[in-house]
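*Asks:* Shown below is the structure under consideration.
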Amino acid sequence: MVKMYYDKDIDYTSLQEKIIAIIGYGSQGRAQANNMRDSGLHVVLGLRPQGQSWQLAKKDGFTPLSIAEAAQQGQILHILIPDTVQPLVYEKYLAPNLSEGKTISFAHGFNIHFRTITPPPNVDVVMVAPKAPGLSLREMYVKQFGVPALIAVQQDYSGCAKQTVLAMAKGLGCTKAGVIETTFRDETESDLIGEQVVLVGGIMELIRNGYEVLVELGYPPELAYFEACNESKLIIDQIYRSGVLGMLKAVSDTAKYGGLSVGPKIIDSHVRANMLAAAEHVRDGSFAREWLDEDAQGRPNMTKQLDAWMNHPLELIGNKIRKLSGLKQ
């Protein structure tokens, strides 16, 4: 059984004496910077001068610095920029300012686990990974609660790395919900596998195929959209609140029996085998190499797939329905 850490378990007095340089001000960067600042921590931002994030940070009351300046000032360098650009930014701006005893921190273990970034041995290397999008992280903090998070220590030069990362998690508000200790390897691999086979890829393809089958059988596209896509949120919300059994108790007996008897015939051993193959593709490093190569080439395959989704009938009818429902302006 994993150990959970909560507010009462953590003292972050020592963290209040340190400067945390947050690199990046996207969804996670903005949420984490504001949460930490509101928790009384000393945050500086390292951004590209005069970019869109620079102006947003100024609007939010920060005085942003260049990445190199922030890295020079910070005792903790907390990297919240996309995985694919992290190695270049690290080599150019962070590594020259990563002096002995500093901490380099990540929100996802990709570049450390796949060794595209290799910090020197005389620094701490940690990770705090909130398990929610940035908007939700900030929203729950404002409500005086938090979202769960994972923490990990890859390198403990100071002997205090775990104390530091737990304090960071507390500053984010995550220890109100609970924080689990893991490893860079487990966080990275489980995150990638989960995104591909369930959370992004799996759900997208299940909805798309369900929609296409209903339309192919002659049902109106609007009806197919509600059945395959719109109601998915309601079911996921039920599972989130009450678990699978709670969801089954909430639906009709007909839906319950149909789901229990037919579901395993759809998501069967063949699908499970595909999931295991996808997992191995992650675990052996093949996916990381493929993705980095795709990014280096300008993302041609990803762009082609996004274009296909943009023009898919599911999205076209969905845009229409969301607009009519007041969900899209």
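Residue names in the structure tokens use chain letters A, B, ... in the order shown, residue numbers from 1 in each chain, and ligand numbers from 1 in the order shown.
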Per DSSP on the backbone, filter stretch 91-301 of chain A down to the residues in strand (DSSP E) and report them as a list of chain:residue names.
*Replies:*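 In stretch 91-301 of chain A, DSSP puts these residues in strand (DSSP E): A:Thr103, A:Ile104, A:Ser105, A:Phe106, A:Asp124, A:Val125, A:Val126, A:Met127, A:Val128, A:Ala129, A:Pro130, A:Ala149, A:Leu150, A:Ile151, A:Ala152, A:Val153, A:Gln154, A:Gln155, A:Val179, A:Ile180, A:Glu181.
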*Asks:* Store the residues picked out above, limited to N, CA and C atoms, as a compact mmCIF listing (two decimals), in the first residue's frame.
*Replies:*
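File again-v9.txt, as written:
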# COMPACT_ATOMS: atom_id res chain seq x y z
N THR A 103 18.23 22.66 -6.85
CA THR A 103 17.25 21.61 -7.16
C THR A 103 16.67 21.88 -8.54
N ILE A 104 16.61 20.84 -9.35
CA ILE A 104 15.89 20.95 -10.61
C ILE A 104 14.66 20.05 -10.50
N SER A 105 13.52 20.64 -10.83
CA SER A 105 12.24 19.98 -10.59
C SER A 105 11.42 19.89 -11.87
N PHE A 106 10.65 18.82 -12.00
CA PHE A 106 9.83 18.57 -13.17
C PHE A 106 8.39 18.25 -12.74
N ASP A 124 19.94 18.26 -6.60
CA ASP A 124 18.78 17.41 -6.37
C ASP A 124 17.92 17.40 -7.63
N VAL A 125 17.33 16.24 -7.92
CA VAL A 125 16.42 16.11 -9.06
C VAL A 125 15.12 15.52 -8.54
N VAL A 126 14.03 16.30 -8.65
CA VAL A 126 12.75 15.89 -8.08
C VAL A 126 11.63 16.13 -9.08
N MET A 127 10.46 15.60 -8.71
CA MET A 127 9.28 15.80 -9.55
C MET A 127 8.05 15.96 -8.66
N VAL A 128 7.21 16.94 -8.99
CA VAL A 128 5.88 17.04 -8.40
C VAL A 128 4.90 17.15 -9.55
N ALA A 129 3.98 16.20 -9.62
CA ALA A 129 3.09 16.07 -10.78
C ALA A 129 1.63 16.10 -10.33
N PRO A 130 1.00 17.28 -10.32
CA PRO A 130 -0.43 17.34 -10.01
C PRO A 130 -1.23 16.52 -11.02
N ALA A 149 -1.54 14.60 -6.16
CA ALA A 149 -0.30 14.74 -6.92
C ALA A 149 0.62 13.57 -6.64
N LEU A 150 1.57 13.38 -7.55
CA LEU A 150 2.65 12.42 -7.36
C LEU A 150 3.94 13.19 -7.09
N ILE A 151 4.79 12.63 -6.24
CA ILE A 151 6.12 13.21 -6.05
C ILE A 151 7.15 12.11 -6.23
N ALA A 152 8.34 12.50 -6.66
CA ALA A 152 9.42 11.52 -6.83
C ALA A 152 10.76 12.21 -6.64
N VAL A 153 11.72 11.45 -6.20
CA VAL A 153 13.10 11.92 -6.06
C VAL A 153 13.99 11.03 -6.91
N GLN A 154 14.64 11.62 -7.88
CA GLN A 154 15.57 10.88 -8.74
C GLN A 154 17.00 10.96 -8.21
N GLN A 155 17.33 12.10 -7.60
CA GLN A 155 18.70 12.33 -7.14
C GLN A 155 18.66 13.20 -5.88
N VAL A 179 -0.92 13.25 -1.47
CA VAL A 179 0.22 13.12 -2.38
C VAL A 179 0.82 11.73 -2.22
N ILE A 180 1.14 11.09 -3.34
CA ILE A 180 1.71 9.74 -3.35
C ILE A 180 3.15 9.81 -3.84
N GLU A 181 4.05 9.08 -3.18
CA GLU A 181 5.43 9.00 -3.64
C GLU A 181 5.56 7.91 -4.69
*Asks:* Skipping near chain neighbours, those fewer than 2 positions away, what residues fall within 9 Å of A:Thr188 using only C-alpha atoms, listed as a list in words?
*Replies:*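 Here the qualifying residues turn out to be His108, Gly109, Phe110, His113, Thr183, Phe184, Arg185, Asp186, Ser190, Asp191, Leu192 and Ile193 of chain A.
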*Asks:* For A:Asn319, which of A:Ile239, A:Ser269, A:Tyr225, A:Ser158 is the closest residue, counting only C-alpha atoms?
*Replies:*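 Looking at the shortest contact to A:Asn319, the residue is A:Tyr225.
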*Asks:* Which residues in stretch 180-328 of chain A does DSSP call alpha helix (DSSP H)? List them as a VMD selection string.
*Replies:* chain A and resid 184 to 194 201 to 216 221 to 225 231 to 250 253 to 266 269 to 283 286 to 296 300 to 310 313 to 324
*Asks:* Quick one: residues within 9 Å of stretch 276-286 of chain A, only C-alpha atoms, excluding same-chain residues fewer than 2 positions away - as a list in words?
*Replies:*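 Listed by chain and then number, they are Phe114, Glu189, Ser190, Leu192, Ile193, Gly194, Gln196, Val197, Val271, Arg272, Ala273, Asn274, Ala288, Arg289, Glu290 and Trp291 of chain A.
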*Asks:* Report as a CSV table (one decimal) with C-alpha atoms, in the first residue's frame all protein, DNA and RNA residues lying within 10 Å of A:Gln32, evaluated on only C-alpha atoms, omitting residues in the same chain fewer than 5 positions from it.
*Replies:*
chain,number,residue,atom,x,y,z
A,22,ILE,CA,9.3,28.5,-12.6
A,25,TYR,CA,3.7,30.1,-17.9
A,26,GLY,CA,1.3,27.9,-19.8
A,27,SER,CA,-1.7,26.1,-18.2
A,37,ARG,CA,2.8,32.6,-4.6
A,38,ASP,CA,-0.5,32.6,-2.7
A,43,VAL,CA,8.3,32.7,-7.0
A,78,HIS,CA,10.9,24.1,-11.7
A,80,LEU,CA,6.9,23.6,-16.8
A,130,PRO,CA,-0.4,17.3,-10.0
A,134,GLY,CA,-3.7,23.6,-14.7
A,135,LEU,CA,-7.2,25.2,-14.6
A,137,LEU,CA,-5.4,22.8,-10.1
A,138,ARG,CA,-6.0,26.5,-9.7
A,141,TYR,CA,-6.8,25.8,-4.7
A,168,MET,CA,6.4,22.2,-3.1
A,169,ALA,CA,3.4,19.9,-3.3
A,171,GLY,CA,2.6,25.0,-1.7
A,172,LEU,CA,0.5,23.8,-4.7
A,173,GLY,CA,-2.3,22.8,-2.4
